[in-house]
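S.K.: This is the content of target29.tsv (TSV, C-alpha atoms):
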```
chain	number	residue	atom	x	y	z
L	12	MET	CA	-22.99	10.42	16.16
L	13	ALA	CA	-20.64	13.38	15.62
L	14	ASP	CA	-22.36	16.77	15.58
L	15	ARG	CA	-21.30	19.91	13.76
L	16	THR	CA	-19.63	21.40	16.83
L	17	ASP	CA	-17.42	18.34	17.24
L	18	LEU	CA	-16.48	18.36	13.58
L	19	VAL	CA	-15.50	22.02	13.63
L	20	ALA	CA	-13.41	21.49	16.76
L	21	LEU	CA	-11.76	18.41	15.24
L	22	ILE	CA	-10.72	20.33	12.15
L	23	GLU	CA	-9.17	23.02	14.35
L	24	SER	CA	-7.37	20.63	16.70
L	25	PRO	CA	-7.31	16.94	15.67
L	26	PRO	CA	-5.06	15.77	18.56
L	27	LEU	CA	-7.77	16.57	21.10
L	28	PHE	CA	-9.97	13.88	19.56
L	29	LEU	CA	-7.50	10.99	19.47
L	30	ASP	CA	-9.00	9.61	22.69
L	31	HIS	CA	-12.61	10.61	22.03
L	32	THR	CA	-15.29	8.11	23.01
L	33	ASP	CA	-16.69	8.13	19.45
L	34	PRO	CA	-14.58	5.86	17.19
L	35	VAL	CA	-15.65	7.83	14.13
L	36	LEU	CA	-14.09	10.95	15.59
L	37	ARG	CA	-10.97	9.06	16.65
L	38	ARG	CA	-10.53	7.81	13.10
L	39	MET	CA	-11.15	11.24	11.61
L	40	ALA	CA	-8.68	12.79	14.04
L	41	ILE	CA	-5.95	10.38	12.97
L	42	THR	CA	-6.62	11.07	9.31
L	43	ALA	CA	-6.57	14.83	9.90
L	44	LEU	CA	-3.15	14.82	11.55
L	45	SER	CA	-0.37	16.37	9.52
L	46	SER	CA	2.78	14.43	8.71
L	47	GLU	CA	4.70	16.96	10.78
L	48	SER	CA	2.79	15.86	13.88
L	49	CYS	CA	4.45	12.43	13.82
L	50	ASN	CA	7.19	13.43	16.24
L	51	GLU	CA	4.94	14.96	18.86
L	52	LEU	CA	2.08	12.48	18.60
L	53	PHE	CA	3.84	9.31	17.50
L	54	ASP	CA	3.18	7.39	20.72
L	55	ALA	CA	-0.48	8.38	20.75
L	56	VAL	CA	-1.01	7.22	17.17
L	57	ALA	CA	0.95	4.01	17.70
L	58	ALA	CA	-1.17	3.23	20.77
L	59	LEU	CA	-4.29	3.38	18.60
L	60	LEU	CA	-3.11	0.24	16.80
L	61	GLY	CA	-4.63	-1.46	19.83
L	62	ASP	CA	-7.97	0.36	19.59
L	63	GLU	CA	-11.11	-1.74	19.91
L	64	ASN	CA	-12.41	-0.33	16.61
L	65	ASP	CA	-10.93	-1.79	13.42
L	66	PHE	CA	-11.41	1.41	11.42
L	67	VAL	CA	-9.40	3.31	14.01
L	68	ARG	CA	-6.65	0.68	13.97
L	69	ALA	CA	-6.48	0.85	10.18
L	70	ALA	CA	-6.27	4.65	10.21
L	71	ALA	CA	-3.48	4.49	12.79
L	72	ALA	CA	-1.52	1.98	10.73
L	73	GLU	CA	-1.81	4.07	7.60
L	74	LYS	CA	-0.79	7.25	9.43
L	75	LEU	CA	2.31	5.51	10.79
L	76	GLY	CA	3.41	5.11	7.18
L	77	GLU	CA	4.16	8.85	7.32
L	78	CYS	CA	6.24	8.61	10.49
L	79	GLY	CA	9.54	7.09	9.40
L	80	VAL	CA	11.37	3.91	10.27
L	81	ARG	CA	10.55	3.96	13.97
L	82	ALA	CA	7.02	2.94	12.96
L	83	LEU	CA	8.26	-0.42	11.67
L	84	ASP	CA	8.24	-2.22	15.02
L	85	HIS	CA	4.70	-1.07	15.74
L	86	LEU	CA	3.48	-2.05	12.29
L	87	SER	CA	4.98	-5.52	12.63
L	88	LYS	CA	2.82	-6.07	15.71
L	89	ALA	CA	-0.29	-5.06	13.76
L	90	ALA	CA	0.59	-7.20	10.74
L	91	ASP	CA	-1.42	-10.17	12.02
L	92	ASP	CA	-4.52	-8.17	12.95
L	93	PRO	CA	-7.66	-10.30	12.41
L	94	GLU	CA	-9.35	-7.53	10.41
L	95	PRO	CA	-8.39	-7.36	6.70
L	96	LYS	CA	-8.69	-3.56	6.55
L	97	VAL	CA	-5.98	-3.26	9.20
L	98	ARG	CA	-3.61	-5.65	7.41
L	99	GLU	CA	-4.27	-3.73	4.19
L	100	ALA	CA	-3.35	-0.49	5.95
L	101	VAL	CA	-0.17	-2.07	7.33
L	102	ALA	CA	0.84	-3.13	3.82
L	103	THR	CA	0.16	0.36	2.49
L	104	ALA	CA	2.21	1.88	5.31
L	105	TYR	CA	5.13	-0.42	4.55
L	106	GLY	CA	5.03	0.81	0.96
L	107	GLU	CA	5.07	4.42	2.13
L	108	LEU	CA	8.06	3.74	4.36
L	109	SER	CA	9.96	2.04	1.50
L	110	ASP	CA	11.81	-0.23	3.91
L	111	PRO	CA	13.14	-3.50	2.40
L	112	SER	CA	12.78	-5.29	5.74
L	113	ALA	CA	9.04	-5.58	5.02
L	114	ILE	CA	9.47	-7.43	1.72
L	115	SER	CA	9.36	-10.97	3.13
L	116	TRP	CA	6.09	-10.25	4.93
L	117	LEU	CA	4.59	-8.53	1.89
L	118	ILE	CA	5.44	-11.49	-0.34
L	119	LEU	CA	3.92	-13.89	2.19
L	120	VAL	CA	0.76	-11.81	2.37
L	121	GLY	CA	0.57	-11.49	-1.41
L	122	ASN	CA	0.63	-15.26	-1.65
L	123	ASP	CA	-1.32	-16.43	1.36
L	124	ASP	CA	-3.65	-13.80	2.81
L	125	ALA	CA	-7.29	-14.81	2.62
L	126	ASP	CA	-8.44	-11.32	1.65
L	127	ARG	CA	-8.07	-10.04	-1.92
L	128	THR	CA	-7.65	-6.38	-1.00
L	129	VAL	CA	-4.84	-7.23	1.42
L	130	LYS	CA	-3.07	-9.19	-1.31
L	131	GLU	CA	-3.39	-6.26	-3.70
L	132	ALA	CA	-2.06	-3.78	-1.15
L	133	ALA	CA	0.92	-6.03	-0.44
L	134	VAL	CA	1.80	-6.34	-4.12
L	135	ALA	CA	1.47	-2.58	-4.64
L	136	ALA	CA	3.76	-2.00	-1.66
L	137	LEU	CA	6.43	-4.22	-3.22
L	138	GLY	CA	6.50	-1.86	-6.18
L	139	ALA	CA	6.50	1.20	-3.93
L	140	ILE	CA	9.51	-0.09	-2.00
L	141	GLY	CA	11.32	-0.79	-5.27
L	142	ASP	CA	13.84	-3.29	-3.92
L	143	GLU	CA	15.07	-5.80	-6.50
L	144	SER	CA	14.59	-8.70	-4.11
L	145	ALA	CA	10.87	-8.44	-4.91
L	146	ILE	CA	11.23	-9.01	-8.67
L	147	ASP	CA	10.99	-12.80	-8.58
L	148	ALA	CA	7.86	-12.66	-6.45
L	149	LEU	CA	6.24	-10.05	-8.70
L	150	LEU	CA	6.97	-12.15	-11.77
L	151	GLY	CA	5.31	-15.06	-9.99
L	152	PHE	CA	2.26	-12.95	-9.17
L	153	ILE	CA	1.97	-11.88	-12.82
L	154	SER	CA	2.05	-15.46	-14.05
L	155	SER	CA	-0.07	-17.24	-11.47
L	156	GLY	CA	-1.78	-14.86	-9.05
L	157	PRO	CA	-5.53	-14.14	-8.95
L	158	PRO	CA	-6.63	-11.65	-11.62
L	159	GLN	CA	-6.61	-8.62	-9.33
L	160	VAL	CA	-3.16	-9.53	-8.05
L	161	ARG	CA	-1.85	-10.13	-11.59
L	162	ARG	CA	-3.10	-6.70	-12.60
L	163	ARG	CA	-1.57	-5.01	-9.56
L	164	ALA	CA	1.74	-6.83	-10.03
L	165	ILE	CA	2.01	-5.57	-13.61
L	166	ALA	CA	1.85	-1.99	-12.37
L	167	ALA	CA	4.23	-2.69	-9.49
L	168	ILE	CA	6.94	-4.33	-11.56
L	169	THR	CA	7.29	-1.43	-13.99
L	170	VAL	CA	9.60	0.39	-11.55
L	171	PHE	CA	12.28	-2.27	-12.07
L	172	ASP	CA	14.79	-2.89	-14.84
L	173	ASP	CA	15.17	-6.61	-15.51
L	174	PRO	CA	15.28	-8.49	-18.83
L	175	ARG	CA	12.53	-10.86	-17.68
L	176	ILE	CA	9.98	-8.13	-17.14
L	177	GLU	CA	9.12	-7.13	-20.70
L	178	PRO	CA	8.43	-10.72	-21.85
L	179	ALA	CA	6.27	-11.29	-18.76
L	180	ILE	CA	4.20	-8.20	-19.51
L	181	GLN	CA	3.87	-9.18	-23.16
L	182	ARG	CA	2.54	-12.58	-22.07
L	183	ALA	CA	0.15	-10.84	-19.70
L	184	ALA	CA	-1.19	-8.85	-22.66
L	185	LEU	CA	-2.62	-12.18	-23.83
L	186	ASP	CA	-4.09	-13.05	-20.42
L	187	ARG	CA	-7.55	-14.60	-20.29
L	188	ASN	CA	-8.72	-11.87	-17.91
L	189	PRO	CA	-9.64	-8.57	-19.63
L	190	GLY	CA	-8.50	-6.44	-16.70
L	191	VAL	CA	-5.07	-8.06	-16.71
L	192	ARG	CA	-4.82	-7.67	-20.49
L	193	GLU	CA	-5.73	-4.00	-20.23
L	194	ALA	CA	-3.10	-3.36	-17.54
L	195	ALA	CA	-0.43	-5.09	-19.60
L	196	GLU	CA	-1.45	-3.36	-22.82
L	197	MET	CA	-1.18	0.03	-21.11
L	198	VAL	CA	2.39	-0.75	-20.07
L	199	VAL	CA	3.30	-2.08	-23.50
L	200	GLY	CA	1.76	1.00	-25.10
L	201	LYS	CA	3.80	3.32	-22.89
L	202	GLN	CA	6.97	1.40	-23.73
L	203	LEU	CA	6.25	1.68	-27.45
L	204	ALA	CA	5.61	5.41	-27.09
L	205	VAL	CA	8.92	5.90	-25.28
L	206	HIS	CA	10.79	3.89	-27.91
L	207	SER	CA	9.11	5.89	-30.67
L	208	VAL	CA	10.13	9.20	-29.10
L	209	GLY	CA	13.67	7.89	-28.70
L	210	ARG	CA	13.89	6.93	-32.36
L	211	ARG	CA	12.60	10.34	-33.46
L	212	LYS	CA	15.25	12.07	-31.36
L	213	GLU	CA	17.96	9.86	-32.86
L	214	ASN	CA	16.81	10.79	-36.36
```
Written as C-alpha cells, how would this file's structure read?

M.R.:
Amino acid sequence: MADRTDLVALIESPPLFLDHTDPVLRRMAITALSSESCNELFDAVAALLGDENDFVRAAAAEKLGECGVRALDHLSKAADDPEPKVREAVATAYGELSDPSAISWLILVGNDDADRTVKEAAVAALGAIGDESAIDALLGFISSGPPQVRRRAIAAITVFDDPRIEPAIQRAALDRNPGVREAAEMVVGKQLAVHSVGRRKEN
C-alpha cells in the first residue's frame, strides 16, 4: 500500500517509480508522466506493456497514445492482450494517434470483441481517426450493433460528410433503445440548430 511519502515523491519525479515493486505506484507513475517525456522514457513505458499487472499494462498502452507513430508497433503487440481493459486502452491510444493503419483492427474489434467496453472504445477511435474508410463500418454499427455500440457509433460518425449519414441518424432517432434514440436526437437537434442559424444569416 502506497504511503504519503511515496505519493509525494511520485508527484515530484514519476520516472523513478516506473519500476517500483508496487503496481499501484507503477500505474500512477505512468499516468503522471507528461507528454513531453515520451522521447526520453518511451522505451521504459513501452516495456510496461509486458507488466504482470493488467492495470499497469493498460496505463502504458494509453500513455503510448501520446507518443507518436513509433508507438504503433508496440500497441499492435498489445492488441491481443487477454485483459479487456488493456485492449480498451490500445483502442483509445489508436484513436489518439489518428493513424489509419489501425482501422482494420478497430473494425474487427468493434464487431467481434467479447467485451462491450472494448467495442465502444474501438468505435470511438474510428471517429477520432476520422478516415473515410471507416464510414461503412460505422453505418453498420449504427444499424445493427449492440445498443452501446450503436450509441457510440452515432457520435463517431458525425465527423464525416457522407450523404448516407443523415438518413442513418434519422432512423436511429426511432431506435427501440432510449439511449440510442437520445444520442441520435441530440445530433439531429444540433443539425437543425445549425441549419436555422444558416437560414437567419441568409435572410

S.K.: Would you kindly return, as a PDB file with C-alpha atoms, in the coordinates of the input, each protein, DNA or RNA residue with an atom no farther than 12 Å from any atom of L:Thr32, considering all atoms listed in the file and excluding same-chain residues fewer than 3 positions away?

M.R.:
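Result file is selection_39.pdb:
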```
ATOM      1  CA  MET L  12     -22.990  10.420  16.160  1.00  0.00           C
ATOM      2  CA  ALA L  13     -20.640  13.380  15.620  1.00  0.00           C
ATOM      3  CA  ASP L  17     -17.420  18.340  17.240  1.00  0.00           C
ATOM      4  CA  LEU L  27      -7.770  16.570  21.100  1.00  0.00           C
ATOM      5  CA  PHE L  28      -9.970  13.880  19.560  1.00  0.00           C
ATOM      6  CA  LEU L  29      -7.500  10.990  19.470  1.00  0.00           C
ATOM      7  CA  VAL L  35     -15.650   7.830  14.130  1.00  0.00           C
ATOM      8  CA  LEU L  36     -14.090  10.950  15.590  1.00  0.00           C
ATOM      9  CA  ARG L  37     -10.970   9.060  16.650  1.00  0.00           C
ATOM     10  CA  ARG L  38     -10.530   7.810  13.100  1.00  0.00           C
ATOM     11  CA  ASP L  62      -7.970   0.360  19.590  1.00  0.00           C
ATOM     12  CA  GLU L  63     -11.110  -1.740  19.910  1.00  0.00           C
ATOM     13  CA  ASN L  64     -12.410  -0.330  16.610  1.00  0.00           C
ATOM     14  CA  VAL L  67      -9.400   3.310  14.010  1.00  0.00           C
TER      15      VAL L  67
END
```

S.K.: Figure out the distance between atom CA of L:Ile168 and atom CA of L:Cys78, please, to one decimal in Å.

M.R.: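 Atom CA of L:Ile168 lies at a distance of 25.6 Å from atom CA of L:Cys78.
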
S.K.: Let me make sure I understand: among L:Gly121, L:Lys74, L:Ser115, L:Arg81, which one has the smallest atom-to-atom distance to L:Val101 if we use only C-alpha atoms?

M.R.: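 Once distances to L:Val101 are computed over only C-alpha atoms, the minimum belongs to L:Lys74.
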
S.K.: So which residues touch L:Ala167 within 12 Å, counting only C-alpha atoms, skipping near sequence neighbours fewer than 2 positions away, as a PyMOL selection string?

M.R.: chain L and resi 106+131-143+145-146+148-150+152-153+160-165+169-172+176+180+194-195+198

S.K.: Just to confirm, what's the straight-line distance from atom CA of L:Glu94 to atom CA of L:Glu77 in Å (one decimal)?

M.R.: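 For atom CA of L:Glu94 relative to atom CA of L:Glu77, the distance reads 21.5 Å.
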
S.K.: To one decimal in Å, tell me the separation between atom CA of L:Gln159 and atom CA of L:Arg192.

M.R.: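 Distance reported for this atom pair: 11.3 Å.
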
S.K.: Hey, what's within 8 Å of L:Ala104 if we count only C-alpha atoms and toss same-chain stuff fewer than 3 positions away? As a list in words, please?

M.R.: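 In the requested format, the answer is Ala72, Glu73, Lys74, Leu75, Gly76, Glu77, Ala100, Val101, Glu107 and Leu108 of chain L.
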